[in-house]
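> mmCIF, C-alpha atoms, file run.cif:
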data_input
loop_
_atom_site.label_atom_id
_atom_site.label_comp_id
_atom_site.auth_asym_id
_atom_site.auth_seq_id
_atom_site.Cartn_x
_atom_site.Cartn_y
_atom_site.Cartn_z
CA GLY D 1 -9.75 -11.59 14.63
CA ALA D 2 -11.10 -8.68 12.66
CA GLY D 3 -8.89 -6.92 10.17
CA VAL D 4 -8.38 -3.21 9.65
CA SER D 5 -11.66 -1.42 9.09
CA GLN D 6 -12.29 1.99 7.63
CA SER D 7 -15.33 4.22 7.49
CA PRO D 8 -17.02 5.52 5.55
CA ARG D 9 -16.22 3.35 2.56
CA TYR D 10 -17.35 6.09 0.18
CA LYS D 11 -17.54 9.81 0.71
CA VAL D 12 -18.70 12.52 -1.66
CA ALA D 13 -17.87 16.07 -0.63
CA LYS D 14 -18.41 19.43 -2.19
CA ARG D 15 -15.28 21.46 -2.74
CA GLY D 16 -14.53 23.42 0.39
CA GLN D 17 -16.15 20.98 2.81
CA ASP D 18 -14.25 19.33 5.65
CA VAL D 19 -14.16 15.54 5.84
CA ALA D 20 -13.09 13.03 8.49
CA LEU D 21 -12.02 9.50 7.66
CA ARG D 22 -11.83 6.86 10.36
CA CYS D 23 -9.49 3.89 10.72
CA ASP D 24 -9.88 1.05 13.23
CA PRO D 25 -6.61 -0.90 13.28
CA ILE D 26 -6.18 -4.50 14.29
CA SER D 27 -6.46 -4.70 18.07
CA GLY D 28 -3.10 -4.35 19.76
CA HIS D 29 -1.25 -3.08 16.72
CA VAL D 30 1.26 -0.45 17.70
CA SER D 31 1.85 1.14 14.32
CA LEU D 32 -0.66 2.82 12.06
CA PHE D 33 -0.11 4.25 8.61
CA TRP D 34 -2.15 6.37 6.21
CA TYR D 35 -1.63 6.22 2.45
CA GLN D 36 -3.27 8.09 -0.43
CA GLN D 37 -3.95 6.19 -3.66
CA ALA D 38 -4.85 8.27 -6.68
CA LEU D 39 -6.65 6.64 -9.58
CA GLY D 40 -4.29 4.37 -11.50
CA GLN D 41 -1.41 4.90 -9.10
CA GLY D 42 0.20 3.07 -6.24
CA PRO D 43 -0.39 4.14 -2.65
CA GLU D 44 1.67 7.08 -1.41
CA PHE D 45 2.65 7.46 2.23
CA LEU D 46 0.98 10.22 4.19
CA THR D 47 1.73 9.72 7.87
CA TYR D 48 2.73 7.22 10.56
CA PHE D 49 1.83 6.72 14.22
CA GLN D 50 3.46 4.61 16.86
CA ASN D 51 0.84 4.32 19.57
CA GLU D 52 -0.48 7.87 19.97
CA ALA D 53 2.68 9.57 18.74
CA GLN D 54 2.76 10.85 15.19
CA LEU D 55 6.37 10.08 14.29
CA ASP D 56 6.31 10.96 10.61
CA LYS D 57 3.98 13.28 8.74
CA SER D 58 6.29 14.03 5.86
CA GLY D 59 3.83 12.77 3.27
CA LEU D 60 0.92 15.02 4.16
CA PRO D 61 0.45 17.14 1.02
CA SER D 62 -0.62 20.36 2.72
CA ASP D 63 -1.62 21.86 6.04
CA ARG D 64 -5.21 21.06 5.14
CA PHE D 65 -4.46 17.45 6.04
CA PHE D 66 -4.40 16.50 9.70
CA ALA D 67 -4.26 13.09 11.39
CA GLU D 68 -4.64 12.04 14.98
CA ARG D 69 -4.65 8.91 17.11
CA PRO D 70 -5.31 10.25 20.59
CA GLU D 71 -5.58 6.97 22.49
CA GLY D 72 -3.23 4.92 20.40
CA SER D 73 -5.96 2.93 18.72
CA VAL D 74 -8.51 4.49 16.37
CA SER D 75 -7.16 7.12 14.01
CA THR D 76 -8.86 9.90 12.11
CA LEU D 77 -7.58 11.60 8.97
CA LYS D 78 -9.14 15.01 8.53
CA ILE D 79 -9.06 17.05 5.36
CA GLN D 80 -10.11 20.66 5.62
CA ARG D 81 -11.47 22.76 2.74
CA THR D 82 -11.36 19.82 0.34
CA GLN D 83 -10.15 20.37 -3.20
CA GLN D 84 -10.79 18.29 -6.33
CA GLU D 85 -7.20 17.04 -6.27
CA ASP D 86 -7.93 15.41 -2.90
CA SER D 87 -10.13 12.84 -4.69
CA ALA D 88 -8.48 9.48 -4.07
CA VAL D 89 -8.71 6.30 -2.05
CA TYR D 90 -7.33 6.75 1.46
CA LEU D 91 -5.84 3.54 2.84
CA CYS D 92 -5.07 2.80 6.44
CA ALA D 93 -2.66 0.06 7.50
CA SER D 94 -1.51 -1.26 10.85
CA SER D 95 1.30 -3.48 12.07
CA ASP D 96 2.37 -4.90 15.38
CA SER D 97 5.82 -3.41 15.23
CA GLY D 98 7.55 -0.11 14.72
CA THR D 99 9.45 -1.22 11.65
CA SER D 100 8.38 -2.05 8.13
CA LEU D 101 9.94 -5.47 8.50
CA LYS D 102 6.65 -6.43 10.03
CA THR D 103 3.74 -6.88 7.69
CA GLN D 104 1.44 -3.91 7.22
CA TYR D 105 -2.18 -5.00 7.10
CA PHE D 106 -4.35 -2.76 4.97
CA GLY D 107 -7.97 -1.79 5.31
CA PRO D 108 -10.36 -1.60 2.34
CA GLY D 109 -9.93 2.14 2.02
CA THR D 110 -12.21 5.14 1.87
CA ARG D 111 -12.94 6.41 -1.62
CA LEU D 112 -13.24 10.20 -1.50
CA LEU D 113 -14.75 12.11 -4.38
CA VAL D 114 -14.64 15.89 -4.22
CA LEU D 115 -17.00 17.64 -6.59
CA ALA Q 1 15.46 8.06 -1.37
CA GLN Q 2 13.90 4.98 -2.82
CA SER Q 3 11.78 4.29 -5.84
CA VAL Q 4 10.07 1.41 -7.60
CA THR Q 5 9.39 0.91 -11.29
CA GLN Q 6 6.89 -1.66 -12.45
CA LEU Q 7 7.26 -2.37 -16.15
CA GLY Q 8 3.92 -2.86 -17.84
CA SER Q 9 0.83 -1.35 -16.33
CA HIS Q 10 -1.27 -4.12 -17.89
CA VAL Q 11 -0.31 -7.77 -18.39
CA SER Q 12 -2.52 -10.43 -19.94
CA VAL Q 13 -1.85 -14.15 -19.77
CA SER Q 14 -3.84 -17.24 -20.62
CA GLU Q 15 -5.07 -19.49 -17.86
CA GLY Q 16 -2.34 -22.01 -17.13
CA ALA Q 17 0.44 -19.85 -18.57
CA LEU Q 18 3.41 -18.41 -16.74
CA VAL Q 19 2.87 -15.14 -14.89
CA LEU Q 20 5.79 -12.70 -14.84
CA LEU Q 21 5.36 -9.25 -13.33
CA ARG Q 22 8.43 -7.03 -13.38
CA CYS Q 23 9.71 -4.80 -10.61
CA ASN Q 24 12.91 -2.79 -10.47
CA TYR Q 25 13.90 -0.72 -7.49
CA SER Q 26 16.30 2.01 -6.55
CA SER Q 27 17.73 2.21 -3.06
CA SER Q 28 20.90 3.61 -1.54
CA VAL Q 29 20.79 1.06 1.28
CA PRO Q 30 19.98 -2.65 1.35
CA PRO Q 31 16.32 -2.80 0.43
CA TYR Q 32 13.43 -4.66 1.88
CA LEU Q 33 11.05 -5.65 -0.90
CA PHE Q 34 7.38 -6.55 -0.95
CA TRP Q 35 4.67 -7.64 -3.35
CA TYR Q 36 1.05 -6.83 -2.55
CA VAL Q 37 -2.12 -7.81 -4.40
CA GLN Q 38 -5.26 -5.70 -4.53
CA TYR Q 39 -8.63 -7.09 -5.54
CA PRO Q 40 -11.40 -4.66 -6.53
CA ASN Q 41 -12.79 -2.70 -3.59
CA GLN Q 42 -10.47 -4.45 -1.18
CA GLY Q 43 -7.34 -3.49 0.70
CA LEU Q 44 -3.86 -4.63 -0.23
CA GLN Q 45 -2.85 -8.12 0.80
CA LEU Q 46 0.77 -9.13 1.26
CA LEU Q 47 1.89 -11.85 -1.17
CA LEU Q 48 5.51 -12.12 -0.10
CA LYS Q 49 8.45 -10.13 1.20
CA TYR Q 50 12.23 -10.18 1.09
CA THR Q 51 14.22 -8.87 4.02
CA THR Q 52 17.48 -10.80 4.30
CA GLY Q 53 18.72 -14.30 3.60
CA ALA Q 54 17.52 -16.49 0.77
CA THR Q 55 16.99 -14.48 -2.38
CA LEU Q 56 14.17 -16.69 -3.70
CA VAL Q 57 11.08 -15.94 -1.69
CA LYS Q 58 7.92 -18.01 -1.77
CA GLY Q 59 4.59 -16.45 -1.01
CA ILE Q 60 0.92 -17.27 -0.90
CA ASN Q 61 -1.17 -18.61 -3.78
CA GLY Q 62 1.85 -20.16 -5.53
CA PHE Q 63 3.68 -16.89 -6.18
CA GLU Q 64 7.40 -16.42 -5.75
CA ALA Q 65 9.93 -13.68 -6.37
CA GLU Q 66 13.69 -13.54 -6.66
CA PHE Q 67 15.82 -10.70 -5.33
CA LYS Q 68 18.63 -9.93 -7.79
CA LYS Q 69 20.89 -7.26 -6.39
CA SER Q 70 23.01 -6.98 -9.54
CA GLU Q 71 19.90 -6.25 -11.60
CA THR Q 72 18.10 -4.28 -8.86
CA SER Q 73 15.08 -6.43 -9.60
CA PHE Q 74 12.41 -8.33 -7.69
CA HIS Q 75 10.20 -9.89 -10.34
CA LEU Q 76 7.09 -11.83 -9.34
CA THR Q 77 6.33 -15.17 -10.97
CA LYS Q 78 3.79 -17.95 -10.87
CA PRO Q 79 4.17 -21.06 -13.03
CA SER Q 80 0.50 -21.45 -13.93
CA ALA Q 81 -2.03 -18.63 -13.90
CA HIS Q 82 -5.49 -19.14 -12.47
CA MET Q 83 -8.56 -17.03 -13.17
CA SER Q 84 -8.60 -15.99 -9.52
CA ASP Q 85 -5.17 -14.34 -9.96
CA ALA Q 86 -6.74 -11.48 -11.90
CA ALA Q 87 -6.05 -8.40 -9.77
CA GLU Q 88 -3.70 -5.47 -9.44
CA TYR Q 89 -0.22 -6.15 -8.14
CA PHE Q 90 2.03 -3.66 -6.40
CA CYS Q 91 5.75 -3.88 -5.71
CA ALA Q 92 7.04 -1.88 -2.75
CA VAL Q 93 10.39 -1.08 -1.15
CA SER Q 94 11.53 0.04 2.26
CA ASP Q 95 14.93 0.55 3.77
CA GLY Q 96 13.90 -1.14 6.98
CA SER Q 97 14.66 1.78 9.22
CA ALA Q 98 11.94 3.85 7.64
CA ARG Q 99 8.46 2.77 8.47
CA GLN Q 100 6.87 3.79 5.25
CA LEU Q 101 6.60 1.71 2.11
CA THR Q 102 7.28 3.21 -1.32
CA PHE Q 103 5.04 1.61 -3.92
CA GLY Q 104 5.25 1.23 -7.67
CA SER Q 105 2.34 2.30 -9.83
CA GLY Q 106 0.97 -1.21 -10.11
CA THR Q 107 0.39 -3.87 -12.77
CA GLN Q 108 -3.12 -4.99 -13.65
CA LEU Q 109 -3.09 -8.73 -14.39
CA THR Q 110 -5.78 -10.14 -16.64
CA VAL Q 111 -6.16 -13.90 -16.98
CA LEU Q 112 -7.78 -15.05 -20.20
CA PRO Q 113 -9.77 -18.29 -20.36
#
Show me, as structure tokens, the structure contained in the file I just sent.

Amino acid sequence: GAGVSQSPRYKVAKRGQDVALRCDPISGHVSLFWYQQALGQGPEFLTYFQNEAQLDKSGLPSDRFFAERPEGSVSTLKIQRTQQEDSAVYLCASSDSGTSLKTQYFGPGTRLLVL
Amino acid sequence: AQSVTQLGSHVSVSEGALVLLRCNYSSSVPPYLFWYVQYPNQGLQLLLKYTTGATLVKGINGFEAEFKKSETSFHLTKPSAHMSDAAEYFCAVSDGSARQLTFGSGTQLTVLP
């Protein structure tokens, strides 16, 4: 079946604009993760959902970042009042279990550039 | 808290030569360890993972890694490099109870003809 998809693939925003990034996980996957990957760095954890419940948001860098998964499937990561330091690739991953023992399948990412 | 250190942000090997990518981890509990590969403009793909049991783990595309607790290492190897192996490789750790992965900063592998 289809893998994890993300949209848009590229987003350019002016500083101060709000952006919304979408993630479509693999059908039936219970767990969904968001990671932020700065240029030349490894991905860093942002937040985790199990079904519609956001169980861990410890990695969200500020209250400008907000994520939701209202029906336990599609998820949206919203960044309000974007800043230049928000420029990064935002990766979404899903797995069919609530533990990291199960493989996390990653989407291609959304590359955000804030000017 | 956990952390991962990947030694060498860039590694170059000749086609047909041994590939060795180094990963050391820090964890206060028994770790679960992963290697992912990332091709340009693509998401991360799992190469292999260690959870429990046999310390030598075989993955896709001929890669393998050995968990060495005494050295806190999980180095990735492949006996003979192929041009298609050129990509960025990430080592990651989890404690199993946490859902998140902690990644290293990555190693860019270049394969020379």
> Please check which residues have atoms at most 8 Å from (-17.3, 9.5, 5.1) in the file's coordinates, counting all atoms listed in the file, and write them as an NGL selection string.
:D and (7-12 or 19-21 or 110 or 112)
> Given a cut-off of 9 Å, which residues of chain Q touch chain D, counting all atoms listed in the file, written out as a JSON list (two decimals) with C-alpha atoms, in the frame of the given file?

[["chain", "number", "residue", "atom", "x", "y", "z"],
["Q", 32, "TYR", "CA", 13.43, -4.66, 1.88],
["Q", 41, "ASN", "CA", -12.79, -2.70, -3.59],
["Q", 42, "GLN", "CA", -10.47, -4.45, -1.18],
["Q", 43, "GLY", "CA", -7.34, -3.49, 0.70],
["Q", 44, "LEU", "CA", -3.86, -4.63, -0.23],
["Q", 45, "GLN", "CA", -2.85, -8.12, 0.80],
["Q", 46, "LEU", "CA", 0.77, -9.13, 1.26],
["Q", 49, "LYS", "CA", 8.45, -10.13, 1.20],
["Q", 51, "THR", "CA", 14.22, -8.87, 4.02],
["Q", 90, "PHE", "CA", 2.03, -3.66, -6.40],
["Q", 91, "CYS", "CA", 5.75, -3.88, -5.71],
["Q", 94, "SER", "CA", 11.53, 0.04, 2.26],
["Q", 95, "ASP", "CA", 14.93, 0.55, 3.77],
["Q", 96, "GLY", "CA", 13.90, -1.14, 6.98],
["Q", 97, "SER", "CA", 14.66, 1.78, 9.22],
["Q", 98, "ALA", "CA", 11.94, 3.85, 7.64],
["Q", 99, "ARG", "CA", 8.46, 2.77, 8.47],
["Q", 100, "GLN", "CA", 6.87, 3.79, 5.25],
["Q", 101, "LEU", "CA", 6.60, 1.71, 2.11],
["Q", 102, "THR", "CA", 7.28, 3.21, -1.32],
["Q", 103, "PHE", "CA", 5.04, 1.61, -3.92],
["Q", 104, "GLY", "CA", 5.25, 1.23, -7.67],
["Q", 105, "SER", "CA", 2.34, 2.30, -9.83],
["Q", 106, "GLY", "CA", 0.97, -1.21, -10.11]]
> What does the structure give for the distance between atom CA of D:Ile79 and atom CA of D:Gln54, in Å to one decimal?
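Answer for the atom CA of D:Ile79 to atom CA of D:Gln54 separation: 16.6 Å.
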> What is the atom CA of D:Ser75 to atom CA of D:Gly28 distance in Å?
13.5 Å
> Counting all atoms listed in the file, which residue out of Q:Gly53, Q:Thr107, Q:Phe67, Q:Val4 sits closest to Q:Tyr25?
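Ranked by minimum distance to Q:Tyr25, first place goes to Q:Val4.
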> Report the distance between atom CA of D:Cys23 and atom CA of D:Phe66 in Å, rounded to one decimal place.
13.6 Å
> Could you pull the residues within 8 Å of D:Ala67, counting all atoms listed in the file, minus those fewer than 2 positions along the same chain, as an mmCIF file with C-alpha atoms, in the frame of the given file?

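Final output, saved to part_22.cif:
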data_model
loop_
_atom_site.group_PDB
_atom_site.id
_atom_site.type_symbol
_atom_site.label_atom_id
_atom_site.label_comp_id
_atom_site.auth_asym_id
_atom_site.auth_seq_id
_atom_site.Cartn_x
_atom_site.Cartn_y
_atom_site.Cartn_z
ATOM 1 C CA THR D 47 1.730 9.720 7.870
ATOM 2 C CA PHE D 65 -4.460 17.450 6.040
ATOM 3 C CA ARG D 69 -4.650 8.910 17.110
ATOM 4 C CA SER D 75 -7.160 7.120 14.010
ATOM 5 C CA THR D 76 -8.860 9.900 12.110
ATOM 6 C CA LEU D 77 -7.580 11.600 8.970
ATOM 7 C CA LYS D 78 -9.140 15.010 8.530
#
> Could you give me the axis-aligned bounding box of stretch 82-93 of chain D, with 3 Å of padding per side, as centre plus edge lengths in Å to one decimal, as JSON?

{"center_x": -7.0, "center_y": 10.2, "center_z": 0.6, "size_x": 14.7, "size_y": 26.3, "size_z": 19.8}
> Can you spell out as a PyMOL selection string the set of residues that the PyMOL selection byres ((chain D and resi 73) around 8) selects in the structure I just provided?
chain D and resi 24-25+27-29+51-52+69-72+74-75
> For Q:Phe63, find every residue with an atom within 10 Å (counting only C-alpha atoms), except residues of its own chain fewer than 2 positions away, and show them as JSON, numbers by chain.
{"Q": [19, 20, 35, 47, 48, 57, 58, 59, 60, 61, 65, 76, 77, 78, 79, 80, 81, 85]}
> Given the point (-12.1, 25.3, 2.5) in the file's coordinates, find the residues that have an atom at most 6 Å from it, counting all atoms listed in the file, and give them as a list of chain:residue names.
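Looking at atoms near the point gives D:Gly16, D:Gln17, D:Gln80, D:Arg81, D:Thr82.
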> Convert the current residue selection to file output with C-alpha atoms, as a PDB file, in the coordinates of the input.

ATOM      1  CA  GLY D  16     -14.530  23.420   0.390  1.00  0.00           C
ATOM      2  CA  GLN D  17     -16.150  20.980   2.810  1.00  0.00           C
ATOM      3  CA  GLN D  80     -10.110  20.660   5.620  1.00  0.00           C
ATOM      4  CA  ARG D  81     -11.470  22.760   2.740  1.00  0.00           C
ATOM      5  CA  THR D  82     -11.360  19.820   0.340  1.00  0.00           C
TER       6      THR D  82
END
> Let me know the residues the PyMOL selection byres ((chain Q and resi 26) around 6) catches in the file above, as a short mmCIF file (atom, residue, chain, number, x, y, z; two decimals) with C-alpha atoms, keeping the file's coordinate frame.

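The resulting expr.cif:
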data_model
loop_
_atom_site.label_atom_id
_atom_site.label_comp_id
_atom_site.auth_asym_id
_atom_site.auth_seq_id
_atom_site.Cartn_x
_atom_site.Cartn_y
_atom_site.Cartn_z
CA GLN Q 2 13.90 4.98 -2.82
CA SER Q 3 11.78 4.29 -5.84
CA TYR Q 25 13.90 -0.72 -7.49
CA SER Q 27 17.73 2.21 -3.06
#
> Going by the chain IDs and residue numbers used in this file, which residues fall under the PyMOL selection byres ((chain Q and resi 12) around 9)? Write them as a list in words.
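When the PyMOL selection byres ((chain Q and resi 12) around 9) is applied, the selected residues are His10, Val11, Val13, Ser14, Val19, Gln108, Leu109, Thr110, Val111 and Leu112 of chain Q.
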> Smallest atom-to-atom distance to D:Lys14: which of D:Asp86, D:Pro61, D:Ser94, D:Ala2, using all atoms listed in the file?
D:Asp86
> Quick one: of D:Gln6, D:Ala13, D:Ser58, D:Ile26, who's nearest to D:Asp96, counting all atoms listed in the file?
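Smallest distance to D:Asp96 is found for D:Ile26.
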